[in-house]
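Trainee: Below you will find the structure I want to go over with you.
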2 protein chains.
Amino acid sequence: MFRELDPLLHSQLRLAVMSLLLSVEKADFTFLKNKTSSTAGNLSVQLDRLAEAGYITIEKSFKGKRPLTTCQVTKKGIKAFEEYVNALKQYIQP
Amino acid sequence: MFRELDPLLHSQLRLAVMSLLLSVEKADFTFLKNKTSSTAGNLSVQLDRLAEAGYITIEKSFKGKRPLTTCQVTKKGIKAFEEYVNALKQYIQP
DNA sequence: ATAATTTGGTTTATAACATAAACTAGTTTA
DNA sequence: TAAACTAGTTTATGTTATAAACCAAATTAT
């Protein structure tokens with residue numbers, strides 16, 4: 001009857017992150033932190049989970065002397081997001 | 001940036017229950033259990049939470065000799081659901 | 001008649017989760 | 001050179017979702 005909602009995406013912060021990454025293709029940690037109004041700790045954990053699932057890639061480099069964490073959504077992530085949205089529509093459509 | 005997602009509704013089972021109740025206006029425990037493929041225990045707990053929040057009412061009676069639990073969505077529940085859906089759209093729209 | 005099974009749930013225990021708090025390492029500013 | 005800030009990570013904690021165990025009554029089988 002109701003399709004499963006991917007638990008990895010059915011989370012406010014992870015969903016917000018994915019949503020942002022889908023619109024911008026590439027984003028750094030601070031950008032995501034600002035846009036989602038999350039704490040750094042929470043964001044760090046959730047980014048790791050998304051990366052572990054293969055939904056995003058995380059690249060660590062330096063911007064000048066400062067560490068820079070850049071995230072990018074993968075094809076797998078895009079597909080998972082689309083499937084999540086389709087499943088969700090079952091629940092919220094009138 | 002991103003609106004809060006009502007944590008009471010951002011739950012697969014509770015959302016499915018609300019979705020069903022919005023379409024049928026009145027439903028009994030067994031109906032909801034079947035349609036959502038949930039366990040009785042889980043459903044019992046989640047119905048209580050929705051009732052406690054005032055999103056649904058729970059009426060206990062008997063059908064013949066058997067207990068019958070009937071649920072109905074409230075105006076508050078409908079409003080909360082609509083707000084949840086609107087907030088959610090921010091996250092999932094392209 | 002009574003034992004086993006089914007119905008319609010509730011209560012309790014547990015594992016996963018989201019989140020905040022505390023911490024680290026280095027950089028910039030006063 | 002000390003204080004404060006940047007850019008995070010790790011750890012601790014309170015919530016949550018869920019399943020497992022339980023309960024009372026009704027039905028069915030022996």
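Every chain in the structure tokens has a letter given in the order shown (A, B, ...), and although residue numbers restart at 1 in each chain, ligands are simply numbered from 1 in the order shown.
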Compile the contact shell of A:Gln72 as a PyMOL selection string: residues with an atom at most 6 Å away, counting only C-alpha atoms (C1' of nucleotides), same-chain residues fewer than 3 positions apart removed.
Mentor: chain A and resi 25-26+56-57
Trainee: Looking only at the backbone, which of the residues in chain B does DSSP tag as strand (DSSP E or B), as a list in words?
Mentor: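 Those in chain B that DSSP calls strand (DSSP E or B) are Ala27, Asp28, Ile56, Thr57, Ile58, Glu59, Lys60, Ser61, Phe62, Lys63, Arg66, Pro67, Leu68, Thr69, Thr70, Cys71, Gln72 and Val73 of chain B.
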Trainee: Could you dump the residues just selected with N, CA and C atoms as a CSV table (one decimal), in the first residue's frame?
Mentor:
chain,number,residue,atom,x,y,z
B,27,ALA,N,-11.7,5.6,10.6
B,27,ALA,CA,-11.2,4.2,10.3
B,27,ALA,C,-10.9,3.5,11.6
B,28,ASP,N,-11.1,2.2,11.6
B,28,ASP,CA,-10.8,1.4,12.8
B,28,ASP,C,-9.4,0.9,12.8
B,56,ILE,N,-5.7,13.6,16.1
B,56,ILE,CA,-6.8,12.7,15.8
B,56,ILE,C,-7.6,12.4,17.1
B,57,THR,N,-8.8,11.9,17.0
B,57,THR,CA,-9.5,11.4,18.2
B,57,THR,C,-9.6,9.9,18.1
B,58,ILE,N,-9.6,9.3,19.2
B,58,ILE,CA,-9.7,7.8,19.3
B,58,ILE,C,-10.9,7.5,20.1
B,59,GLU,N,-11.8,6.7,19.6
B,59,GLU,CA,-13.0,6.3,20.3
B,59,GLU,C,-13.1,4.8,20.5
B,60,LYS,N,-13.3,4.4,21.7
B,60,LYS,CA,-13.3,3.0,21.9
B,60,LYS,C,-14.8,2.5,22.2
B,61,SER,N,-15.1,1.4,21.5
B,61,SER,CA,-16.5,0.9,21.6
B,61,SER,C,-16.4,-0.6,21.4
B,62,PHE,N,-17.6,-1.2,21.1
B,62,PHE,CA,-17.6,-2.6,20.8
B,62,PHE,C,-18.4,-2.9,19.5
B,63,LYS,N,-17.8,-3.8,18.7
B,63,LYS,CA,-18.5,-4.2,17.5
B,63,LYS,C,-19.0,-5.6,17.9
B,66,ARG,N,-16.7,-7.7,20.4
B,66,ARG,CA,-15.3,-7.4,20.3
B,66,ARG,C,-15.0,-5.9,20.4
B,67,PRO,N,-13.9,-5.6,21.0
B,67,PRO,CA,-13.5,-4.2,21.1
B,67,PRO,C,-13.2,-3.5,19.8
B,68,LEU,N,-13.5,-2.3,19.7
B,68,LEU,CA,-13.4,-1.6,18.4
B,68,LEU,C,-12.8,-0.2,18.7
B,69,THR,N,-11.7,0.1,18.0
B,69,THR,CA,-11.0,1.4,18.2
B,69,THR,C,-11.2,2.2,16.9
B,70,THR,N,-11.8,3.3,17.0
B,70,THR,CA,-12.1,4.1,15.8
B,70,THR,C,-11.4,5.4,15.8
B,71,CYS,N,-10.7,5.8,14.7
B,71,CYS,CA,-10.0,7.0,14.7
B,71,CYS,C,-10.5,8.0,13.7
B,72,GLN,N,-10.3,9.2,14.0
B,72,GLN,CA,-10.8,10.3,13.1
B,72,GLN,C,-9.9,11.4,13.2
B,73,VAL,N,-9.6,12.1,12.1
B,73,VAL,CA,-8.7,13.2,12.1
B,73,VAL,C,-9.5,14.5,12.6
Trainee: Please, which residues of chain C lie no more than 10 Å from chain B when the count uses only C-alpha atoms (C1' of nucleotides), and can they be set out as a VMD selection string?
Mentor: chain C and resid 7 to 11
Trainee: Let's have the selection written as a PDB file, in the first residue's frame, with N, CA and C atoms (P, O5', C5', C4', C3', O3' and C1' of nucleotides).
Mentor:
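Once everything was written out, this is selection01.pdb:
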ATOM      1  P    DT C   7      -7.889 -14.012  13.417  1.00  0.00           P
ATOM      2  O5'  DT C   7      -8.488 -12.981  14.473  1.00  0.00           O
ATOM      3  C5'  DT C   7      -9.839 -13.140  14.936  1.00  0.00           C
ATOM      4  C4'  DT C   7     -10.154 -12.032  15.920  1.00  0.00           C
ATOM      5  C3'  DT C   7      -9.679 -10.639  15.496  1.00  0.00           C
ATOM      6  O3'  DT C   7     -10.769  -9.749  15.666  1.00  0.00           O
ATOM      7  C1'  DT C   7      -8.910 -11.130  17.678  1.00  0.00           C
ATOM      8  P    DG C   8     -10.737  -8.276  15.068  1.00  0.00           P
ATOM      9  O5'  DG C   8     -10.139  -7.447  16.294  1.00  0.00           O
ATOM     10  C5'  DG C   8     -10.959  -7.174  17.428  1.00  0.00           C
ATOM     11  C4'  DG C   8     -10.114  -6.483  18.463  1.00  0.00           C
ATOM     12  C3'  DG C   8      -9.297  -5.297  17.911  1.00  0.00           C
ATOM     13  O3'  DG C   8      -9.415  -4.189  18.777  1.00  0.00           O
ATOM     14  C1'  DG C   8      -7.935  -6.713  19.140  1.00  0.00           C
ATOM     15  P    DG C   9      -9.131  -2.733  18.205  1.00  0.00           P
ATOM     16  O5'  DG C   9      -7.536  -2.732  18.059  1.00  0.00           O
ATOM     17  C5'  DG C   9      -6.713  -2.008  18.947  1.00  0.00           C
ATOM     18  C4'  DG C   9      -6.516  -2.730  20.284  1.00  0.00           C
ATOM     19  C3'  DG C   9      -5.387  -2.162  21.107  1.00  0.00           C
ATOM     20  O3'  DG C   9      -5.876  -1.088  21.901  1.00  0.00           O
ATOM     21  C1'  DG C   9      -5.420  -4.549  21.189  1.00  0.00           C
ATOM     22  P    DT C  10      -4.887   0.016  22.410  1.00  0.00           P
ATOM     23  O5'  DT C  10      -4.070  -0.740  23.555  1.00  0.00           O
ATOM     24  C5'  DT C  10      -4.734  -1.206  24.727  1.00  0.00           C
ATOM     25  C4'  DT C  10      -3.695  -1.637  25.748  1.00  0.00           C
ATOM     26  C3'  DT C  10      -2.675  -0.561  26.114  1.00  0.00           C
ATOM     27  O3'  DT C  10      -2.525  -0.592  27.522  1.00  0.00           O
ATOM     28  C1'  DT C  10      -1.546  -2.494  25.324  1.00  0.00           C
ATOM     29  P    DT C  11      -1.570   0.505  28.198  1.00  0.00           P
ATOM     30  O5'  DT C  11      -0.244  -0.338  28.487  1.00  0.00           O
ATOM     31  C5'  DT C  11      -0.339  -1.626  29.070  1.00  0.00           C
ATOM     32  C4'  DT C  11       1.050  -2.250  29.198  1.00  0.00           C
ATOM     33  C3'  DT C  11       2.141  -1.295  29.673  1.00  0.00           C
ATOM     34  O3'  DT C  11       2.813  -1.949  30.732  1.00  0.00           O
ATOM     35  C1'  DT C  11       2.827  -2.375  27.678  1.00  0.00           C
TER      36       DT C  11
END
Trainee: Find the residues around A:Gln90 up to 9 Å (only C-alpha atoms (C1' of nucleotides) counted), leave out those fewer than 5 positions away in its own chain, and share them as a PDB file with N, CA and C atoms, in the first residue's frame.
Mentor:
ATOM      1  N   PHE A   2       1.529   1.508   1.110  1.00  0.00           N
ATOM      2  CA  PHE A   2       2.439   2.654   1.160  1.00  0.00           C
ATOM      3  C   PHE A   2       3.860   2.174   0.887  1.00  0.00           C
ATOM      4  N   ARG A   3       4.542   2.863   0.015  1.00  0.00           N
ATOM      5  CA  ARG A   3       5.936   2.494  -0.256  1.00  0.00           C
ATOM      6  C   ARG A   3       6.836   2.954   0.878  1.00  0.00           C
TER       7      ARG A   3
ATOM      8  N   ALA B  16       1.472   7.985   7.298  1.00  0.00           N
ATOM      9  CA  ALA B  16       0.579   7.076   6.576  1.00  0.00           C
ATOM     10  C   ALA B  16      -0.802   7.059   7.232  1.00  0.00           C
ATOM     11  N   SER B  19      -2.540  10.287   6.425  1.00  0.00           N
ATOM     12  CA  SER B  19      -2.915  10.253   5.019  1.00  0.00           C
ATOM     13  C   SER B  19      -4.200   9.445   4.829  1.00  0.00           C
TER      14      SER B  19
END
Trainee: Taking only C-alpha atoms into account and nothing else, which residues of chain B lie no more than 8 Å away from chain A? Please answer as a list in words.
Mentor: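 The answer, sorted by residue number, is Met1, Phe2, Glu4, Leu5, His10, Gln12, Leu15, Ala16, Ser19, Ser23, Lys35, Thr36, Ser37, Val85, Tyr91, Ile92 and Pro94 of chain B.
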Trainee: Using only C-alpha atoms, please write the residues we just selected to a file, as an mmCIF file, in the first residue's frame.
Mentor:
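Output saved as out26.cif:
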data_model
loop_
_atom_site.group_PDB
_atom_site.id
_atom_site.type_symbol
_atom_site.label_atom_id
_atom_site.label_comp_id
_atom_site.auth_asym_id
_atom_site.auth_seq_id
_atom_site.Cartn_x
_atom_site.Cartn_y
_atom_site.Cartn_z
ATOM 1 C CA MET B 1 15.905 28.958 4.912
ATOM 2 C CA PHE B 2 14.273 25.582 5.362
ATOM 3 C CA GLU B 4 10.805 23.055 10.268
ATOM 4 C CA LEU B 5 9.147 19.725 9.570
ATOM 5 C CA HIS B 10 7.682 13.403 9.876
ATOM 6 C CA GLN B 12 6.506 7.086 8.125
ATOM 7 C CA LEU B 15 2.189 10.126 8.175
ATOM 8 C CA ALA B 16 0.579 7.076 6.576
ATOM 9 C CA SER B 19 -2.915 10.253 5.019
ATOM 10 C CA SER B 23 -9.098 10.228 2.794
ATOM 11 C CA LYS B 35 -3.350 -0.524 5.115
ATOM 12 C CA THR B 36 -0.106 0.528 6.728
ATOM 13 C CA SER B 37 1.294 -2.996 7.145
ATOM 14 C CA VAL B 85 3.124 19.248 3.246
ATOM 15 C CA TYR B 91 12.751 20.368 0.369
ATOM 16 C CA ILE B 92 11.592 18.267 -2.534
ATOM 17 C CA PRO B 94 13.164 21.022 -8.150
#
Trainee: For a quick test of understanding: name the residues of chain D lying within 10 Å of chain B when counting only C-alpha atoms (C1' of nucleotides), and present them as a ChimeraX atom specification.
Mentor: /D:16-20,25-26
Trainee: Let's have the selection written as an mmCIF file, in the first residue's frame, with C-alpha atoms (C1' of nucleotides).
Mentor:
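Final output, saved to again-v4.cif:
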data_model
loop_
_atom_site.group_PDB
_atom_site.id
_atom_site.type_symbol
_atom_site.label_atom_id
_atom_site.label_comp_id
_atom_site.auth_asym_id
_atom_site.auth_seq_id
_atom_site.Cartn_x
_atom_site.Cartn_y
_atom_site.Cartn_z
ATOM 1 C "C1'" DT D 16 12.265 7.794 18.662
ATOM 2 C "C1'" DA D 17 10.654 4.023 16.133
ATOM 3 C "C1'" DT D 18 9.871 -0.505 16.393
ATOM 4 C "C1'" DA D 19 9.415 -5.187 17.797
ATOM 5 C "C1'" DA D 20 8.659 -8.433 21.286
ATOM 6 C "C1'" DA D 25 -11.931 -11.852 25.859
ATOM 7 C "C1'" DA D 26 -14.057 -14.447 22.072
#
Trainee: Which distance in Å separates atom CA of A:Lys76 and atom CA of A:Gly54, to one decimal?
Mentor: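 Between atom CA of A:Lys76 and atom CA of A:Gly54 the gap is 6.7 Å.
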Trainee: Atom C1' of D:DA4 and atom CA of A:Leu47 are how many Å apart?
Mentor: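 According to the coordinates, atom C1' of D:DA4 and atom CA of A:Leu47 are separated by 27.5 Å.
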Trainee: If DSSP is run on the backbone, what residues of chain B are helix (DSSP H, G or I)? A reply as a VMD selection string would be ideal.
Mentor: chain B and resid 12 to 24 29 to 36 40 to 52 75 to 92
Trainee: Write out, as a compact mmCIF listing (two decimals), in the first residue's frame, the residues just selected, with N, CA and C atoms.
Mentor:
# COMPACT_ATOMS: atom_id res chain seq x y z
N GLN B 12 7.18 7.86 9.17
CA GLN B 12 6.51 7.09 8.13
C GLN B 12 5.12 6.59 8.54
N LEU B 13 5.06 5.95 9.70
CA LEU B 13 3.78 5.36 10.09
C LEU B 13 2.73 6.42 10.44
N ARG B 14 3.14 7.43 11.21
CA ARG B 14 2.16 8.45 11.58
C ARG B 14 1.67 9.21 10.35
N LEU B 15 2.58 9.43 9.41
CA LEU B 15 2.19 10.13 8.18
C LEU B 15 1.21 9.28 7.37
N ALA B 16 1.47 7.98 7.30
CA ALA B 16 0.58 7.08 6.58
C ALA B 16 -0.80 7.06 7.23
N VAL B 17 -0.82 7.03 8.53
CA VAL B 17 -2.10 7.04 9.26
C VAL B 17 -2.87 8.32 8.96
N MET B 18 -2.19 9.44 9.04
CA MET B 18 -2.85 10.71 8.77
C MET B 18 -3.36 10.76 7.33
N SER B 19 -2.54 10.29 6.43
CA SER B 19 -2.91 10.25 5.02
C SER B 19 -4.20 9.45 4.83
N LEU B 20 -4.26 8.29 5.47
CA LEU B 20 -5.46 7.46 5.37
C LEU B 20 -6.67 8.16 5.98
N LEU B 21 -6.46 8.70 7.17
CA LEU B 21 -7.58 9.33 7.87
C LEU B 21 -8.13 10.54 7.10
N LEU B 22 -7.25 11.21 6.38
CA LEU B 22 -7.71 12.35 5.59
C LEU B 22 -8.59 11.90 4.43
N SER B 23 -8.32 10.70 3.94
CA SER B 23 -9.10 10.23 2.79
C SER B 23 -10.40 9.54 3.19
N VAL B 24 -10.43 8.97 4.39
CA VAL B 24 -11.64 8.23 4.75
C VAL B 24 -12.47 8.83 5.88
N PHE B 29 -8.97 0.47 13.95
CA PHE B 29 -7.61 0.00 14.19
C PHE B 29 -7.14 -1.04 13.16
N THR B 30 -7.95 -2.03 12.95
CA THR B 30 -7.58 -3.12 12.04
C THR B 30 -7.40 -2.64 10.60
N PHE B 31 -8.27 -1.75 10.19
CA PHE B 31 -8.15 -1.15 8.86
C PHE B 31 -6.81 -0.44 8.72
N LEU B 32 -6.49 0.38 9.70
CA LEU B 32 -5.23 1.13 9.65
C LEU B 32 -4.03 0.18 9.68
N LYS B 33 -4.15 -0.84 10.50
CA LYS B 33 -3.07 -1.83 10.61
C LYS B 33 -2.83 -2.52 9.26
N ASN B 34 -3.90 -2.90 8.61
CA ASN B 34 -3.76 -3.57 7.32
C ASN B 34 -3.21 -2.63 6.25
N LYS B 35 -3.76 -1.46 6.17
CA LYS B 35 -3.35 -0.52 5.12
C LYS B 35 -1.90 -0.06 5.28
N THR B 36 -1.46 0.03 6.51
CA THR B 36 -0.11 0.53 6.73
C THR B 36 0.91 -0.61 6.88
N ALA B 40 0.69 -4.22 15.36
CA ALA B 40 -0.33 -3.64 16.23
C ALA B 40 0.33 -2.76 17.30
N GLY B 41 1.44 -3.23 17.83
CA GLY B 41 2.12 -2.49 18.89
C GLY B 41 2.56 -1.11 18.43
N ASN B 42 3.22 -1.10 17.31
CA ASN B 42 3.69 0.16 16.77
C ASN B 42 2.51 1.10 16.48
N LEU B 43 1.50 0.55 15.86
CA LEU B 43 0.34 1.38 15.52
C LEU B 43 -0.30 1.95 16.78
N SER B 44 -0.46 1.11 17.78
CA SER B 44 -1.06 1.56 19.04
C SER B 44 -0.30 2.75 19.61
N VAL B 45 1.00 2.65 19.65
CA VAL B 45 1.83 3.73 20.18
C VAL B 45 1.66 5.01 19.35
N GLN B 46 1.74 4.87 18.06
CA GLN B 46 1.71 6.05 17.19
C GLN B 46 0.33 6.72 17.19
N LEU B 47 -0.71 5.92 17.29
CA LEU B 47 -2.05 6.51 17.38
C LEU B 47 -2.18 7.34 18.65
N ASP B 48 -1.65 6.80 19.73
CA ASP B 48 -1.68 7.55 20.99
C ASP B 48 -0.97 8.89 20.88
N ARG B 49 0.15 8.89 20.19
CA ARG B 49 0.89 10.13 20.05
C ARG B 49 0.11 11.16 19.23
N LEU B 50 -0.51 10.69 18.17
CA LEU B 50 -1.31 11.59 17.35
C LEU B 50 -2.50 12.13 18.14
N ALA B 51 -3.08 11.26 18.95
CA ALA B 51 -4.22 11.68 19.77
C ALA B 51 -3.79 12.69 20.82
N GLU B 52 -2.65 12.41 21.43
CA GLU B 52 -2.12 13.30 22.47
C GLU B 52 -1.87 14.71 21.92
N LYS B 75 -9.67 18.89 13.07
CA LYS B 75 -9.33 20.08 12.29
C LYS B 75 -7.86 20.44 12.50
N LYS B 76 -7.44 20.35 13.74
CA LYS B 76 -6.05 20.64 14.07
C LYS B 76 -5.10 19.71 13.30
N GLY B 77 -5.52 18.45 13.19
CA GLY B 77 -4.72 17.47 12.45
C GLY B 77 -4.64 17.80 10.98
N ILE B 78 -5.76 18.20 10.43
CA ILE B 78 -5.79 18.56 9.01
C ILE B 78 -4.86 19.74 8.75
N LYS B 79 -4.96 20.73 9.63
CA LYS B 79 -4.13 21.93 9.46
C LYS B 79 -2.64 21.58 9.58
N ALA B 80 -2.33 20.78 10.55
CA ALA B 80 -0.93 20.39 10.75
C ALA B 80 -0.41 19.63 9.54
N PHE B 81 -1.24 18.77 9.01
CA PHE B 81 -0.85 18.00 7.83
C PHE B 81 -0.58 18.92 6.64
N GLU B 82 -1.48 19.87 6.45
CA GLU B 82 -1.31 20.80 5.33
C GLU B 82 -0.03 21.63 5.48
N GLU B 83 0.22 22.05 6.70
CA GLU B 83 1.44 22.83 6.93
C GLU B 83 2.69 21.98 6.72
N TYR B 84 2.60 20.74 7.15
CA TYR B 84 3.72 19.82 6.95
C TYR B 84 4.01 19.67 5.46
N VAL B 85 2.97 19.44 4.69
CA VAL B 85 3.12 19.25 3.25
C VAL B 85 3.73 20.49 2.60
N ASN B 86 3.25 21.65 3.02
CA ASN B 86 3.81 22.89 2.45
C ASN B 86 5.28 23.04 2.78
N ALA B 87 5.62 22.76 4.02
CA ALA B 87 7.03 22.86 4.43
C ALA B 87 7.86 21.86 3.64
N LEU B 88 7.33 20.67 3.51
CA LEU B 88 8.06 19.61 2.82
C LEU B 88 8.36 19.96 1.37
N LYS B 89 7.45 20.64 0.76
CA LYS B 89 7.63 21.00 -0.65
C LYS B 89 8.90 21.80 -0.88
N GLN B 90 9.25 22.60 0.11
CA GLN B 90 10.50 23.37 0.04
C GLN B 90 11.71 22.47 -0.19
N TYR B 91 11.62 21.29 0.40
CA TYR B 91 12.75 20.37 0.37
C TYR B 91 12.79 19.55 -0.91
N ILE B 92 11.61 19.24 -1.44
CA ILE B 92 11.59 18.27 -2.53
C ILE B 92 11.29 18.85 -3.90
Trainee: One number please: atom CA of B:Thr74 to atom CA of B:Tyr55, in Å, one decimal.
Mentor: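 Separating atom CA of B:Thr74 from atom CA of B:Tyr55 is a distance of 5.5 Å.
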Trainee: Quick one: residues within 9 Å of C:DC23, only C-alpha atoms (C1' of nucleotides), excluding same-chain residues fewer than 5 positions away - as a PyMOL selection string?
Mentor: chain D and resi 9-11
Trainee: Selection from above, C-alpha atoms (C1' of nucleotides), as an mmCIF file, in the first residue's frame, can you write it?
Mentor:
data_model
loop_
_atom_site.group_PDB
_atom_site.id
_atom_site.type_symbol
_atom_site.label_atom_id
_atom_site.label_comp_id
_atom_site.auth_asym_id
_atom_site.auth_seq_id
_atom_site.Cartn_x
_atom_site.Cartn_y
_atom_site.Cartn_z
ATOM 1 C "C1'" DT D 9 35.335 15.864 14.566
ATOM 2 C "C1'" DT D 10 34.191 12.956 18.412
ATOM 3 C "C1'" DT D 11 31.496 11.671 22.174
#
